[in-house]
Every structure is written in C-alpha cells, then in structure tokens.
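Report on the following structure.
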Protein chains: 2
Amino acid sequence: MASPDPSLLSLNTATISKQWTLAQAIEGCARHGIRGIAPWRDKLAAMGVRQAASAIKAHDLTVTGLCRGGFFSAKDWLDDNRRAIEDAHELGAQCLVLVVGGLPKGSKDLGRARERVRECISMILPEAKQAGVPLAIEPLHPMQAAERACVNTLEQALDICDALGEDGRSAQCALGVAVDVYHVWWDPKLEEQVKRAGKKRILAYHICDWLVPTRDLLNDRGMMGDGVIDLPRIRSWVEDAGYAGMHEVEIFSELDWWRRDPDEVLRISKERFASAT
Amino acid sequence: MASPDPSLLSLNTATISKQWTLAQAIEGCARHGIRGIAPWRDKLAAMGVRQAASAIKAHDLTVTGLCRGGFFSAKDWLDDNRRAIEDAHELGAQCLVLVVGGLPKGSKDLGRARERVRECISMILPEAKQAGVPLAIEPLHPMQAAERACVNTLEQALDICDALGEDGRSAQCALGVAVDVYHVWWDPKLEEQVKRAGKKRILAYHICDWLVPTRDLLNDRGMMGDGVIDLPRIRSWVEDAGYAGMHEVEIFSELDWWRRDPDEVLRISKERFASAT
C-alpha cells in the first residue's frame, strides 16, 4: 500500500500539549510543513480565539477539528457547547469534536447517560448547523466509558446520527463521527461501520498507536508504528469509504512524547506518517 | 430488586490467588458456606487434579468453571487445551473457560487472529463434547485485545457459537459464553446480546466491579459495590435470559484484595453479593 499524501498530516496539539502554547504549536506546524492543526480549547482560550484564528490563517493551516465539545454530564454543558461552536466557527474548524462525557457523579445508569447524550446533541445541533460547524461524535475506548465518554463504538455513534436524522444522505452532514484508531482499532465491526459511516459522516480521522503493554488508561498512547494497530489496513477502510480529509496525529503520552523536544515529536510524526500508516 | 439466593455464590480462586493454595481455597469456601468454586489450572496442577477433585467432592462444592483453556496464539495450544478438557472433566466442572489469546507476537492482524480462534475451537469442540465439558468463550474487555483475548464482545463470541453450529437450539450446548460483568458492562448491546445468548449458552456468570479511576489494565478490579457497574440491572438481564446458575466472584486486585486476609475477602464477598448485586 502506498504511503499517504504527506500534505494530509495534521497535528492535534494534545501531542505536544505539555511543551508548547498554541502560538508555538502553530509556528511549529508551519516550520515543519505540517498543513493541518487541531487545537484544544484551554490553549485556545489562553491565546485568544481571534489571535489564534489570525495566526492560523497567516500560515494557511487547515483546522481539522476543535477539541472539544460534549461532556454533557457537566452542569454548564449547554453554555459550554455554545461557546465551543462559536470558537469552532471563528477558527473555520472542519468540525467540533464531541467527547460526550461518562456517568454523572454517583450514577451507574449508563443507559440513561446515553439517552442524555442523544438529547443534548439534538439541542445543540440547530445552532451548530446555523454556525456551519459539523459536530463529530468521537466514540471513546470502552475503558473510558465511566469517566470520559459513554459512546464507545462507531456503531453506537452512527445510531445516534441516524436517530437525529443525519443518515448521510443529505448534501452535507451536520453530525457525523471522528474516527480515532486508538479508540476503535479493537472493534470486530470496525470495517463494516466505517463503510456505514461513509464519506460524508467521517468528519475526522485520528492516528496514533496502541502500546503493548499499555501502562495507563488515558495517557500512554504510542507513536504510529510503535504499537500493534494495523494502521495501513484501517486507512484503507477509511479511504475506501471515501474519506479524503487530513490525518490528525493525536498522542497523549505522559511517559514518553510529552517529555521530548516538540520539534523532535513533529519530525518523527512526519516520518512515521509516511512509513507506518 | 430482591437479593440473589446466597447459595448461588461461587468463588473464582483468582480472587485470593496471592494468599491461598487451592487446598486452602477449598477449605475456605467450605468454612464460609460458599457452595461453588472455580479453580485455575496452575494451582490445580500444584495440588494435583485427583486430590483437588476429591477435596471438592468431600465438601460438596460445585465447580462453576475451570480457568482456563484457550490462548490459541500459543505454540502448544492443542495439547494444552486437551489437558484442560481432561482436567475439567475430572473435576466435573460446569464449563472450561476459554480466554482465547490476543495477537501472535509480531503480528498486527487482528482479523486473522480472530479467524484462528474459530478454527481452533472447532478443532477441540469434538473432544470437549465427548468429555462432556462445555466450552465457554469469555469475551474480554477491549483493552485486553492485544495481549489476552481478541474476542471482545458478547456479540462476537455468539457469532462464533453460531458459526460452529451452537446456536442454542439443541438440548445441550457444547459451546457457549462466560459473561463477566467487568469485560462487558460498557457494551451498548449487552442487554440484547445476553438475551440472544439465552439460557443454554450462558455457561458462567462472573461478578466484580469497575473502579473509578482504574489504575491498571489487568489487576485493578473492584469488589461488588465499590465501582460503577449496575450489577442488579445486569443480573436482571441474565436471569431474564433464563440463567439460573451460580455467580462467580472474580477479582484481580494487586493493590487491594490480594493484600487482605483472605477470610476477610470471602466474608465481604458474601456480604456484597447480598447487598450490591
């Protein structure tokens, strides 16, 4: 299988979040010839949305997504998601990534938490449409079901899209999915569900690797090629579904990549994007 | 919802594996009025199968399962599974639990590993039938897909059963599933798939809890009631499917339960079985 087009690499700034501000990350992408960026909202707030939008525009970077909306279990979820939609609009982000939240404190009712996700998305969807910001539900790995996201498979995320009338048949999708290999690589139905999602509902594609052993449930992701995910195979499924967007490298790594020189992290990300995905 | 019948509690000896030999675990169950036991093969070998069978019979304990067969990625898998079937037969175990193994060393081909599981089970199934030992495929949590088991959902396990002609319509099932709440609690399709499994294919039911936070991917399980799994709800689904067998407490806990006095572990398991499941 041929390597992906090098111009399709995007940097999710989580990958160097312990080392760089957003301004530094934007400069870093430009310096390394990385053409896409996906910022997180804490860093965006620290830089200021207008300044960030301006710097991103000056370097002609594509904003492959804004992380994150969602967390519908939080008290201020509605205001927070409204602000996230505004930020994504101002940045011209290709989508707002929804990490939907887990169980409310003290609750064990996963079924109810899941219903609530659908209800809350239906409440913000009109505003997102109006702002021209597609919402991307990101199914998270089942090991994060309690704390971060009770949507845990692509099938489940697409069922929500279907239920809200976003079945992928309209001209543009206001609601779709973010496919992150780390969260879905294990899924026996992955190929089938990527196909079902289709070109219009795959709003983002995130890459990294699953390390063996994995030492932490949240922050021990690997660089592409260092783990056991068959990245070329999953890419072939995503491309066969019609996805032609960018590939966002997103690595949470307390013990390794967050401790390295971020210029080295970007250099190796580029190399591995070409050689291992 | 009413508490479960106290006589249905079984002890998976993993729960006190750092503290007790199998002989001690058998005595412990008898002393605490726990009527079922599920041994592991390393401890079984250390005690001797005949001696273990004799001690278990002397105390009139039910062997709710033998852990474990499977690991089809290992070199000696066939001989090992044959021996496991013999051991299970000699103990009169209600099933042999299959932990099917993950990716072979150096491989990223999860699809092939999964095909192999089906092929290997089909090869040992006739011997298991002849020995009167039902095989229970245990889907393991997706976070263990690479290292321990590439069967990760109940749906996937039941697809294998179906493919091997064990659709639950025959008088007795030679192949079914072990439902361990720790591995499947997050699954949006759990209720549906438990129903699909049905009375005859649910060969074992394992209980414990999911801790928040979880500090280790393998050995940080919680005691029933200490985590976020809605145990009464899952029990209701399992009972509604017709399951009337025992409930096996199985807790791998490096940081807590493996460090406690095992008599305390058994006492609290009994209490929590009544109050939290």
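Here, A, B, ... name the chains of the structure tokens in the order displayed, residue numbers run from 1 inside each chain, and ligands are numbered from 1 in the same displayed order.
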
Leaving out Arg215 of chain A and any residue of its chain fewer than 4 positions from it, which residues lie within 8 Å of it when counting only C-alpha atoms, given as an mmCIF file with all heavy atoms, in the first residue's frame?
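To be explicit, this is the file written out as selection38.cif:
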data_model
loop_
_atom_site.group_PDB
_atom_site.id
_atom_site.type_symbol
_atom_site.label_atom_id
_atom_site.label_comp_id
_atom_site.auth_asym_id
_atom_site.auth_seq_id
_atom_site.Cartn_x
_atom_site.Cartn_y
_atom_site.Cartn_z
ATOM 1 N N ASP A 220 -1.074 6.913 27.780
ATOM 2 C CA ASP A 220 0.042 6.067 27.362
ATOM 3 C C ASP A 220 -0.116 5.631 25.904
ATOM 4 O O ASP A 220 0.115 4.468 25.563
ATOM 5 C CB ASP A 220 0.182 4.853 28.291
ATOM 6 C CG ASP A 220 1.521 4.140 28.099
ATOM 7 O OD1 ASP A 220 2.493 4.787 27.654
ATOM 8 O OD2 ASP A 220 1.600 2.924 28.376
ATOM 9 N N ASP B 216 -4.854 0.169 36.653
ATOM 10 C CA ASP B 216 -4.079 -0.842 35.926
ATOM 11 C C ASP B 216 -5.024 -1.577 34.999
ATOM 12 O O ASP B 216 -6.187 -1.805 35.353
ATOM 13 C CB ASP B 216 -3.448 -1.818 36.931
ATOM 14 C CG ASP B 216 -2.588 -2.866 36.255
ATOM 15 O OD1 ASP B 216 -1.408 -2.579 35.985
ATOM 16 O OD2 ASP B 216 -3.084 -3.984 35.982
ATOM 17 N N LEU B 217 -4.551 -1.937 33.807
ATOM 18 C CA LEU B 217 -5.448 -2.536 32.817
ATOM 19 C C LEU B 217 -5.828 -3.973 33.162
ATOM 20 O O LEU B 217 -6.799 -4.503 32.632
ATOM 21 C CB LEU B 217 -4.818 -2.506 31.418
ATOM 22 C CG LEU B 217 -4.998 -1.184 30.657
ATOM 23 C CD1 LEU B 217 -4.045 -0.116 31.115
ATOM 24 C CD2 LEU B 217 -4.862 -1.415 29.151
#

Which residues of chain A come within 9 Å of chain B, and for each one, what is the closest pair of atoms and their distance in Å to one decimal, counting only C-alpha atoms, sorted by chain and residue number, as JSON lines?
{"residue": "A:Leu103", "atom": "CA", "partner": "B:Val228", "partner_atom": "CA", "distance": 8.4}
{"residue": "A:Gly106", "atom": "CA", "partner": "B:Val228", "partner_atom": "CA", "distance": 8.2}
{"residue": "A:Ser107", "atom": "CA", "partner": "B:Val228", "partner_atom": "CA", "distance": 7.4}
{"residue": "A:Lys108", "atom": "CA", "partner": "B:Val228", "partner_atom": "CA", "distance": 5.1}
{"residue": "A:Asp109", "atom": "CA", "partner": "B:Asp230", "partner_atom": "CA", "distance": 6.9}
{"residue": "A:Leu110", "atom": "CA", "partner": "B:Trp186", "partner_atom": "CA", "distance": 7.8}
{"residue": "A:Gly111", "atom": "CA", "partner": "B:Pro188", "partner_atom": "CA", "distance": 7.9}
{"residue": "A:Arg114", "atom": "CA", "partner": "B:Pro188", "partner_atom": "CA", "distance": 8.8}
{"residue": "A:His141", "atom": "CA", "partner": "B:Pro142", "partner_atom": "CA", "distance": 7.8}
{"residue": "A:Pro142", "atom": "CA", "partner": "B:Trp186", "partner_atom": "CA", "distance": 6.2}
{"residue": "A:Met143", "atom": "CA", "partner": "B:Met143", "partner_atom": "CA", "distance": 6.6}
{"residue": "A:Ala145", "atom": "CA", "partner": "B:Trp186", "partner_atom": "CA", "distance": 6.4}
{"residue": "A:Ala146", "atom": "CA", "partner": "B:Val212", "partner_atom": "CA", "distance": 7.3}
{"residue": "A:Glu147", "atom": "CA", "partner": "B:Val212", "partner_atom": "CA", "distance": 7.4}
{"residue": "A:Cys150", "atom": "CA", "partner": "B:Trp186", "partner_atom": "CA", "distance": 7.8}
{"residue": "A:Val151", "atom": "CA", "partner": "B:Pro188", "partner_atom": "CA", "distance": 8.3}
{"residue": "A:Asn152", "atom": "CA", "partner": "B:Asp187", "partner_atom": "CA", "distance": 7.7}
{"residue": "A:Thr153", "atom": "CA", "partner": "B:Pro188", "partner_atom": "CA", "distance": 8.4}
{"residue": "A:Gln156", "atom": "CA", "partner": "B:Pro188", "partner_atom": "CA", "distance": 7.2}
{"residue": "A:Trp186", "atom": "CA", "partner": "B:Pro142", "partner_atom": "CA", "distance": 6.2}
{"residue": "A:Asp187", "atom": "CA", "partner": "B:Asn152", "partner_atom": "CA", "distance": 7.7}
{"residue": "A:Pro188", "atom": "CA", "partner": "B:Gln156", "partner_atom": "CA", "distance": 7.2}
{"residue": "A:Lys189", "atom": "CA", "partner": "B:Gln156", "partner_atom": "CA", "distance": 8.9}
{"residue": "A:Trp210", "atom": "CA", "partner": "B:Ala146", "partner_atom": "CA", "distance": 8.7}
{"residue": "A:Val212", "atom": "CA", "partner": "B:Ala146", "partner_atom": "CA", "distance": 7.3}
{"residue": "A:Pro213", "atom": "CA", "partner": "B:Glu147", "partner_atom": "CA", "distance": 8.0}
{"residue": "A:Thr214", "atom": "CA", "partner": "B:Leu217", "partner_atom": "CA", "distance": 7.5}
{"residue": "A:Arg215", "atom": "CA", "partner": "B:Asp216", "partner_atom": "CA", "distance": 7.0}
{"residue": "A:Asp216", "atom": "CA", "partner": "B:Asp216", "partner_atom": "CA", "distance": 6.6}
{"residue": "A:Leu217", "atom": "CA", "partner": "B:Leu217", "partner_atom": "CA", "distance": 6.9}
{"residue": "A:Gly227", "atom": "CA", "partner": "B:Lys108", "partner_atom": "CA", "distance": 8.6}
{"residue": "A:Val228", "atom": "CA", "partner": "B:Lys108", "partner_atom": "CA", "distance": 5.2}
{"residue": "A:Ile229", "atom": "CA", "partner": "B:Lys108", "partner_atom": "CA", "distance": 6.0}
{"residue": "A:Asp230", "atom": "CA", "partner": "B:Lys108", "partner_atom": "CA", "distance": 5.4}

**Request:** Counting only C-alpha atoms, figure out which residue out of B:Arg201, B:Arg196, B:Arg118, B:Arg235 gets nearest to Glu166 of chain B.
**Result:** B:Arg201

**Message:** DSSP on the backbone, helix (DSSP H, G or I) only: what residues of segment 111-232 of chain A does that give? Format it as number ranges by chain.
**Reply:** A: 111-131, 142-144, 154-163, 181-184, 190-201, 231-232

**Request:** Would you list, as a list in words, the residues of segment 198-260 of chain B that end up in strand (DSSP E) under DSSP run on this structure's backbone?
**Result:**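 In segment 198-260 of chain B, DSSP puts these residues in strand (DSSP E): Ile202, Leu203, Ala204, Tyr205, His206, Ile207, His247, Glu248 and Val249 of chain B.
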
How would the residues just chosen look if you wrote them out with N, CA and C atoms as a tab-separated table (two decimals), in the first residue's frame?
chain	number	residue	atom	x	y	z
B	202	ILE	N	-25.45	-19.28	28.17
B	202	ILE	CA	-24.75	-18.59	29.26
B	202	ILE	C	-24.26	-19.67	30.22
B	203	LEU	N	-22.98	-19.98	30.11
B	203	LEU	CA	-22.43	-21.11	30.86
B	203	LEU	C	-21.82	-20.67	32.19
B	204	ALA	N	-21.55	-19.39	32.32
B	204	ALA	CA	-20.99	-18.88	33.57
B	204	ALA	C	-21.28	-17.39	33.67
B	205	TYR	N	-21.37	-16.92	34.90
B	205	TYR	CA	-21.63	-15.50	35.16
B	205	TYR	C	-20.65	-15.03	36.23
B	206	HIS	N	-19.78	-14.08	35.85
B	206	HIS	CA	-18.73	-13.62	36.76
B	206	HIS	C	-19.02	-12.19	37.22
B	207	ILE	N	-18.78	-11.94	38.48
B	207	ILE	CA	-19.07	-10.61	39.03
B	207	ILE	C	-17.86	-9.99	39.73
B	247	HIS	N	-23.10	-17.47	40.67
B	247	HIS	CA	-22.50	-16.17	40.38
B	247	HIS	C	-21.08	-16.22	40.95
B	248	GLU	N	-20.11	-16.12	40.07
B	248	GLU	CA	-18.73	-16.35	40.46
B	248	GLU	C	-18.04	-15.03	40.71
B	249	VAL	N	-17.59	-14.79	41.92
B	249	VAL	CA	-16.86	-13.55	42.17
B	249	VAL	C	-15.40	-13.75	41.74

**Message:** For Gln130 of chain B, find every residue with an atom within 10 Å (counting only C-alpha atoms), except residues of its own chain fewer than 6 positions away, and show them as a list in words.
**Reply:**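 My reading of the contact set: Ile85, His89 and Ala174 of chain B.
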
Using only N, CA, C and O atoms, please write the residues we just selected to a file, as a PDB file, in the first residue's frame.
ATOM      1  N   ILE B  85      -9.286 -29.823  29.027  1.00  0.00           N
ATOM      2  CA  ILE B  85     -10.570 -30.538  28.916  1.00  0.00           C
ATOM      3  C   ILE B  85     -10.587 -31.752  29.852  1.00  0.00           C
ATOM      4  O   ILE B  85     -11.572 -32.002  30.564  1.00  0.00           O
ATOM      5  N   HIS B  89     -13.030 -32.258  33.004  1.00  0.00           N
ATOM      6  CA  HIS B  89     -13.830 -33.480  33.112  1.00  0.00           C
ATOM      7  C   HIS B  89     -13.641 -34.128  34.479  1.00  0.00           C
ATOM      8  O   HIS B  89     -14.610 -34.504  35.157  1.00  0.00           O
ATOM      9  N   ALA B 174     -22.671 -27.386  23.771  1.00  0.00           N
ATOM     10  CA  ALA B 174     -21.278 -27.755  23.957  1.00  0.00           C
ATOM     11  C   ALA B 174     -20.382 -26.521  23.915  1.00  0.00           C
ATOM     12  O   ALA B 174     -19.229 -26.557  24.316  1.00  0.00           O
TER      13      ALA B 174
END

**Asked** Which residues come within 12 Å of segment 251-257 of chain A, counting only C-alpha atoms, excluding same-chain residues fewer than 3 positions away, as a VMD selection string?
**Response** chain A and resid 11 to 19 180 to 182 206 to 211 214 to 224 226 248 260 to 266 268 to 269

**Message:** as a ChimeraX atom specification, please: the residues near Pro6 of chain B (cut-off 10 Å, only C-alpha atoms, same-chain neighbours under 3 positions excluded).
**Reply:** /B:3,9-10,33-35,246-247,270-271,273-274

**Prompt:** Could you work out how far atom CA of Lys199 of chain A lies from atom CA of Glu239 of chain A, giving the answer in Å with one decimal?
**Reply:** 8.4 Å

**Request:** Name the closest residue to Gly102 of chain A among the candidates A:Arg148, A:Arg83, A:Lys200, A:Arg259; distances are taken between atoms, counting only C-alpha atoms.
**Result:** A:Arg148

**Request:** Pick out the closest residue to Ala74 of chain A from this set: A:Gly48, A:Cys120, A:Gln94, A:Tyr243. Count only C-alpha atoms.
**Result:** A:Cys120
